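> Enclosed is the structure file protein-v1.cif (mmCIF, N, CA and C atoms).
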data_entry
#
loop_
_atom_site.label_atom_id
_atom_site.label_comp_id
_atom_site.auth_asym_id
_atom_site.auth_seq_id
_atom_site.Cartn_x
_atom_site.Cartn_y
_atom_site.Cartn_z
N MET A 1247 52.29 87.77 -28.88
CA MET A 1247 51.76 89.12 -28.78
C MET A 1247 51.00 89.46 -30.06
N GLY A 1248 49.91 90.15 -29.90
CA GLY A 1248 49.13 90.60 -31.04
C GLY A 1248 48.42 89.43 -31.70
N GLY A 1249 47.56 89.74 -32.61
CA GLY A 1249 46.85 88.70 -33.34
C GLY A 1249 45.63 88.19 -32.59
N PHE A 1250 44.89 87.36 -33.26
CA PHE A 1250 43.67 86.80 -32.71
C PHE A 1250 43.78 85.30 -32.81
N HIS A 1251 43.79 84.59 -31.71
CA HIS A 1251 44.02 83.16 -31.68
C HIS A 1251 42.71 82.41 -31.46
N PHE A 1252 42.76 81.11 -31.73
CA PHE A 1252 41.59 80.26 -31.58
C PHE A 1252 41.11 80.21 -30.13
N ILE A 1253 42.04 80.23 -29.20
CA ILE A 1253 41.69 80.22 -27.77
C ILE A 1253 40.88 81.47 -27.42
N ASP A 1254 41.27 82.61 -28.00
CA ASP A 1254 40.53 83.85 -27.75
C ASP A 1254 39.08 83.72 -28.23
N LEU A 1255 38.91 83.11 -29.38
CA LEU A 1255 37.56 82.91 -29.93
C LEU A 1255 36.73 82.02 -29.01
N ILE A 1256 37.32 80.98 -28.49
CA ILE A 1256 36.60 80.08 -27.57
C ILE A 1256 36.18 80.82 -26.31
N VAL A 1257 37.05 81.64 -25.75
CA VAL A 1257 36.71 82.40 -24.54
C VAL A 1257 35.57 83.37 -24.83
N ILE A 1258 35.64 84.06 -25.97
CA ILE A 1258 34.58 85.02 -26.31
C ILE A 1258 33.25 84.30 -26.50
N LEU A 1259 33.25 83.16 -27.18
CA LEU A 1259 32.01 82.40 -27.38
C LEU A 1259 31.46 81.88 -26.05
N ALA A 1260 32.31 81.46 -25.15
CA ALA A 1260 31.86 80.98 -23.84
C ALA A 1260 31.21 82.11 -23.05
N ILE A 1261 31.80 83.27 -23.07
CA ILE A 1261 31.22 84.42 -22.36
C ILE A 1261 29.89 84.82 -22.99
N GLY A 1262 29.85 84.79 -24.35
CA GLY A 1262 28.60 85.10 -25.04
C GLY A 1262 27.51 84.10 -24.72
N LEU A 1263 27.87 82.84 -24.61
CA LEU A 1263 26.92 81.79 -24.28
C LEU A 1263 26.37 81.97 -22.87
N LEU A 1264 27.23 82.34 -21.94
CA LEU A 1264 26.78 82.56 -20.56
C LEU A 1264 25.88 83.79 -20.45
N ILE A 1265 26.19 84.83 -21.17
CA ILE A 1265 25.42 86.08 -21.06
C ILE A 1265 24.10 85.99 -21.84
N ALA A 1266 24.16 85.56 -23.10
CA ALA A 1266 22.97 85.62 -23.95
C ALA A 1266 22.19 84.32 -23.98
N GLY A 1267 22.82 83.21 -23.78
CA GLY A 1267 22.10 81.93 -23.87
C GLY A 1267 22.27 81.34 -25.25
N PRO A 1268 21.98 80.04 -25.37
CA PRO A 1268 22.24 79.35 -26.64
C PRO A 1268 21.35 79.82 -27.80
N LYS A 1269 20.08 80.08 -27.54
CA LYS A 1269 19.17 80.50 -28.62
C LYS A 1269 19.55 81.87 -29.15
N ALA A 1270 19.81 82.80 -28.25
CA ALA A 1270 20.17 84.16 -28.68
C ALA A 1270 21.53 84.16 -29.38
N LEU A 1271 22.46 83.36 -28.90
CA LEU A 1271 23.79 83.29 -29.53
C LEU A 1271 23.68 82.72 -30.94
N GLN A 1272 22.83 81.71 -31.10
CA GLN A 1272 22.62 81.13 -32.42
C GLN A 1272 21.99 82.16 -33.36
N SER A 1273 21.03 82.91 -32.88
CA SER A 1273 20.37 83.92 -33.69
C SER A 1273 21.35 85.03 -34.07
N MET A 1274 22.17 85.46 -33.11
CA MET A 1274 23.14 86.52 -33.40
C MET A 1274 24.16 86.04 -34.44
N SER A 1275 24.59 84.79 -34.34
CA SER A 1275 25.56 84.25 -35.28
C SER A 1275 24.96 84.16 -36.68
N ARG A 1276 23.72 83.72 -36.77
CA ARG A 1276 23.05 83.63 -38.06
C ARG A 1276 22.91 85.01 -38.70
N ASN A 1277 22.49 86.00 -37.90
CA ASN A 1277 22.35 87.36 -38.43
C ASN A 1277 23.70 87.94 -38.85
N ALA A 1278 24.75 87.64 -38.12
CA ALA A 1278 26.08 88.13 -38.48
C ALA A 1278 26.52 87.50 -39.81
N GLY A 1279 26.23 86.22 -39.99
CA GLY A 1279 26.57 85.55 -41.24
C GLY A 1279 25.81 86.12 -42.43
N LYS A 1280 24.51 86.40 -42.23
CA LYS A 1280 23.72 87.01 -43.30
C LYS A 1280 24.24 88.40 -43.64
N GLY A 1281 24.62 89.15 -42.61
CA GLY A 1281 25.17 90.49 -42.84
C GLY A 1281 26.47 90.45 -43.62
N MET A 1282 27.31 89.48 -43.30
CA MET A 1282 28.57 89.34 -44.04
C MET A 1282 28.30 88.97 -45.50
N GLY A 1283 27.31 88.12 -45.73
CA GLY A 1283 26.95 87.75 -47.10
C GLY A 1283 26.44 88.94 -47.89
N GLN A 1284 25.60 89.76 -47.26
CA GLN A 1284 25.08 90.95 -47.93
C GLN A 1284 26.21 91.94 -48.22
N ALA A 1285 27.13 92.08 -47.29
CA ALA A 1285 28.26 92.99 -47.50
C ALA A 1285 29.11 92.52 -48.67
N LYS A 1286 29.32 91.23 -48.79
CA LYS A 1286 30.11 90.70 -49.90
C LYS A 1286 29.41 90.94 -51.23
N LYS A 1287 28.08 90.74 -51.27
CA LYS A 1287 27.32 90.98 -52.49
C LYS A 1287 27.41 92.45 -52.91
N MET A 1288 27.30 93.35 -51.93
CA MET A 1288 27.39 94.77 -52.23
C MET A 1288 28.79 95.14 -52.76
N LYS A 1289 29.82 94.55 -52.15
CA LYS A 1289 31.19 94.81 -52.60
C LYS A 1289 31.38 94.32 -54.03
N ASP A 1290 30.86 93.13 -54.34
CA ASP A 1290 30.98 92.59 -55.69
C ASP A 1290 30.24 93.45 -56.70
N LYS A 1291 29.08 93.96 -56.30
CA LYS A 1291 28.30 94.82 -57.19
C LYS A 1291 29.06 96.12 -57.48
N VAL A 1292 29.62 96.72 -56.46
CA VAL A 1292 30.37 97.96 -56.64
C VAL A 1292 31.61 97.72 -57.49
N MET A 1293 32.30 96.62 -57.24
CA MET A 1293 33.51 96.32 -58.01
C MET A 1293 33.19 96.07 -59.48
N SER A 1294 32.03 95.47 -59.77
CA SER A 1294 31.67 95.21 -61.17
C SER A 1294 31.28 96.50 -61.89
N GLU A 1295 30.84 97.51 -61.16
CA GLU A 1295 30.43 98.76 -61.78
C GLU A 1295 31.58 99.75 -61.96
N LEU A 1296 32.72 99.48 -61.33
CA LEU A 1296 33.85 100.39 -61.44
C LEU A 1296 34.49 100.32 -62.82
N PRO A 1297 34.87 101.47 -63.37
CA PRO A 1297 35.57 101.46 -64.67
C PRO A 1297 37.04 101.10 -64.46
N VAL A 1298 37.34 99.82 -64.43
CA VAL A 1298 38.68 99.34 -64.09
C VAL A 1298 39.71 99.80 -65.11
N GLU A 1299 39.35 99.80 -66.39
CA GLU A 1299 40.30 100.20 -67.43
C GLU A 1299 40.69 101.67 -67.27
N GLU A 1300 39.71 102.51 -67.00
CA GLU A 1300 40.00 103.93 -66.83
C GLU A 1300 40.84 104.17 -65.58
N LEU A 1301 40.56 103.43 -64.52
CA LEU A 1301 41.33 103.58 -63.29
C LEU A 1301 42.78 103.14 -63.49
N SER A 1302 42.98 102.07 -64.26
CA SER A 1302 44.36 101.63 -64.49
C SER A 1302 45.12 102.62 -65.34
N GLU A 1303 44.45 103.24 -66.31
CA GLU A 1303 45.10 104.28 -67.12
C GLU A 1303 45.47 105.48 -66.26
N MET A 1304 44.57 105.88 -65.38
CA MET A 1304 44.85 107.02 -64.51
C MET A 1304 45.99 106.72 -63.55
N SER A 1305 46.03 105.50 -63.03
CA SER A 1305 47.09 105.16 -62.09
C SER A 1305 48.44 105.14 -62.78
N GLN A 1306 48.48 104.84 -64.08
CA GLN A 1306 49.75 104.88 -64.80
C GLN A 1306 50.19 106.31 -65.06
N LYS A 1307 49.24 107.22 -65.22
CA LYS A 1307 49.58 108.62 -65.48
C LYS A 1307 50.05 109.32 -64.21
N ILE A 1308 49.52 108.91 -63.08
CA ILE A 1308 49.89 109.53 -61.81
C ILE A 1308 51.26 109.01 -61.41
N PRO A 1309 52.17 109.90 -61.03
CA PRO A 1309 53.49 109.42 -60.62
C PRO A 1309 53.41 108.53 -59.39
N LYS A 1310 54.32 107.60 -59.32
CA LYS A 1310 54.34 106.67 -58.20
C LYS A 1310 54.81 107.37 -56.93
N ILE A 1311 54.28 106.95 -55.81
CA ILE A 1311 54.66 107.52 -54.51
C ILE A 1311 55.84 106.73 -53.97
N PRO A 1312 56.92 107.41 -53.62
CA PRO A 1312 58.08 106.67 -53.09
C PRO A 1312 57.78 106.10 -51.71
N LEU A 1313 58.26 104.89 -51.47
CA LEU A 1313 58.03 104.22 -50.19
C LEU A 1313 59.20 104.38 -49.24
N SER A 1314 60.33 104.81 -49.76
CA SER A 1314 61.51 104.99 -48.91
C SER A 1314 62.25 106.24 -49.36
N PRO A 1315 63.13 106.77 -48.53
CA PRO A 1315 63.91 107.95 -48.93
C PRO A 1315 64.77 107.68 -50.16
N GLN A 1316 65.27 106.46 -50.30
CA GLN A 1316 66.09 106.13 -51.44
C GLN A 1316 65.28 106.21 -52.74
N GLN A 1317 64.04 105.75 -52.70
CA GLN A 1317 63.19 105.82 -53.87
C GLN A 1317 62.86 107.27 -54.22
N ALA A 1318 62.68 108.10 -53.19
CA ALA A 1318 62.38 109.51 -53.43
C ALA A 1318 63.55 110.19 -54.12
N VAL A 1319 64.76 109.93 -53.65
CA VAL A 1319 65.95 110.53 -54.27
C VAL A 1319 66.11 110.03 -55.69
N GLN A 1320 65.90 108.74 -55.89
CA GLN A 1320 66.03 108.17 -57.22
C GLN A 1320 65.02 108.80 -58.19
N MET A 1321 63.78 108.99 -57.72
CA MET A 1321 62.77 109.60 -58.57
C MET A 1321 63.14 111.04 -58.92
N LEU A 1322 63.65 111.78 -57.94
CA LEU A 1322 64.06 113.16 -58.20
C LEU A 1322 65.21 113.20 -59.21
N LEU A 1323 66.17 112.32 -59.06
CA LEU A 1323 67.32 112.32 -59.96
C LEU A 1323 66.92 111.93 -61.38
N THR A 1324 66.06 110.93 -61.52
CA THR A 1324 65.65 110.51 -62.85
C THR A 1324 64.82 111.58 -63.53
N SER A 1325 63.99 112.29 -62.79
CA SER A 1325 63.21 113.35 -63.41
C SER A 1325 64.11 114.50 -63.86
N GLU A 1326 65.16 114.80 -63.09
CA GLU A 1326 66.10 115.85 -63.47
C GLU A 1326 66.88 115.43 -64.72
N LEU A 1327 67.27 114.16 -64.80
CA LEU A 1327 67.99 113.67 -65.97
C LEU A 1327 67.13 113.75 -67.22
N GLU A 1328 65.86 113.40 -67.08
CA GLU A 1328 64.95 113.47 -68.22
C GLU A 1328 64.77 114.91 -68.69
N LYS A 1329 64.66 115.85 -67.76
CA LYS A 1329 64.54 117.26 -68.13
C LYS A 1329 65.78 117.73 -68.86
N ASN A 1330 66.94 117.34 -68.37
CA ASN A 1330 68.18 117.73 -69.02
C ASN A 1330 68.30 117.16 -70.42
N LYS A 1331 67.86 115.92 -70.62
CA LYS A 1331 67.89 115.30 -71.94
C LYS A 1331 66.97 116.05 -72.90
N GLU A 1332 65.79 116.43 -72.43
CA GLU A 1332 64.85 117.16 -73.27
C GLU A 1332 65.42 118.52 -73.67
N LYS A 1333 66.07 119.20 -72.74
CA LYS A 1333 66.68 120.49 -73.04
C LYS A 1333 67.78 120.35 -74.07
N SER A 1334 68.60 119.32 -73.91
CA SER A 1334 69.70 119.13 -74.86
C SER A 1334 69.16 118.78 -76.25
N LYS A 1335 68.08 118.01 -76.33
CA LYS A 1335 67.48 117.69 -77.62
C LYS A 1335 66.95 118.95 -78.29
N GLN A 1336 66.30 119.82 -77.52
CA GLN A 1336 65.77 121.05 -78.07
C GLN A 1336 66.91 121.95 -78.56
N GLU A 1337 68.00 122.01 -77.81
CA GLU A 1337 69.13 122.84 -78.19
C GLU A 1337 69.77 122.33 -79.48
N THR A 1338 69.89 121.02 -79.61
CA THR A 1338 70.48 120.46 -80.82
C THR A 1338 69.56 120.68 -82.02
N LYS A 1339 68.27 120.64 -81.83
CA LYS A 1339 67.34 120.92 -82.93
C LYS A 1339 67.46 122.36 -83.37
N GLU A 1340 67.59 123.27 -82.40
CA GLU A 1340 67.72 124.69 -82.72
C GLU A 1340 69.03 124.96 -83.45
N GLU A 1341 70.10 124.28 -83.08
CA GLU A 1341 71.39 124.48 -83.71
C GLU A 1341 71.40 123.90 -85.12
N ASN A 1342 70.72 122.79 -85.33
CA ASN A 1342 70.73 122.14 -86.63
C ASN A 1342 69.71 122.73 -87.60
N SER A 1343 68.74 123.45 -87.12
CA SER A 1343 67.73 124.00 -88.00
C SER A 1343 68.33 125.16 -88.79
N PRO A 1344 67.98 125.23 -90.09
CA PRO A 1344 68.55 126.32 -90.91
C PRO A 1344 67.93 127.65 -90.53
N THR A 1345 68.74 128.62 -90.41
CA THR A 1345 68.27 129.96 -90.09
C THR A 1345 68.22 130.77 -91.37
N SER A 1346 67.21 131.53 -91.52
CA SER A 1346 67.04 132.31 -92.74
C SER A 1346 67.40 133.76 -92.51
N ILE A 1347 68.58 133.99 -91.97
CA ILE A 1347 69.06 135.35 -91.76
C ILE A 1347 69.85 135.74 -93.00
N GLU A 1348 69.43 136.79 -93.67
CA GLU A 1348 70.09 137.23 -94.90
C GLU A 1348 70.67 138.59 -94.74
#
Go through the file and emit its structure as structure tokens.


Amino acid sequence: MGGFHFIDLIVILAIGLLIAGPKALQSMSRNAGKGMGQAKKMKDKVMSELPVEELSEMSQKIPKIPLSPQQAVQMLLTSELEKNKEKSKQETKEENSPTSIE
């Protein structure tokens, strides 16, 4: 089930050969190959112009998207723990700082 098999390709080519004929089928195949080559060149050109370093920096700054409910809960818990740690650090700094009340 599913997928594209070699037998399917043979059936499609046979039907194409019967409908269009050998010359037209050869021409269509050649044009399809040239189109694929042009598409690959355009993709390579676009990929070379992309600022990959900036994109990787941005992707590190953006929080990761959880793929499962367990990951979502874990991310929520770790962010809450980090917030609590920051609050406790601020409280200890405030307690340890000298107050100039006279």

> For atom N of A:Leu1322 and atom CA of A:Lys1339, quote the distance in Å rounded to one decimal.

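Computed distance, atom N of A:Leu1322 to atom CA of A:Lys1339, equals 26.9 Å.
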
> Chain A: which residues are alpha helix (DSSP H) by DSSP, as an NGL selection string?

:A and (1252-1266 or 1268-1295 or 1298-1307 or 1315-1342)

> Report the distance between atom N of A:Met1321 and atom CA of A:Leu1301 in Å, rounded to one decimal place.

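Here the two named atoms are 23.8 Å from each other.
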
> Quick check, in Å to one decimal: how far apart do atom N of A:Gln1272 and atom CA of A:Leu1259 lie?

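Computing the Euclidean distance for atom N of A:Gln1272 and atom CA of A:Leu1259 yields 9.9 Å.
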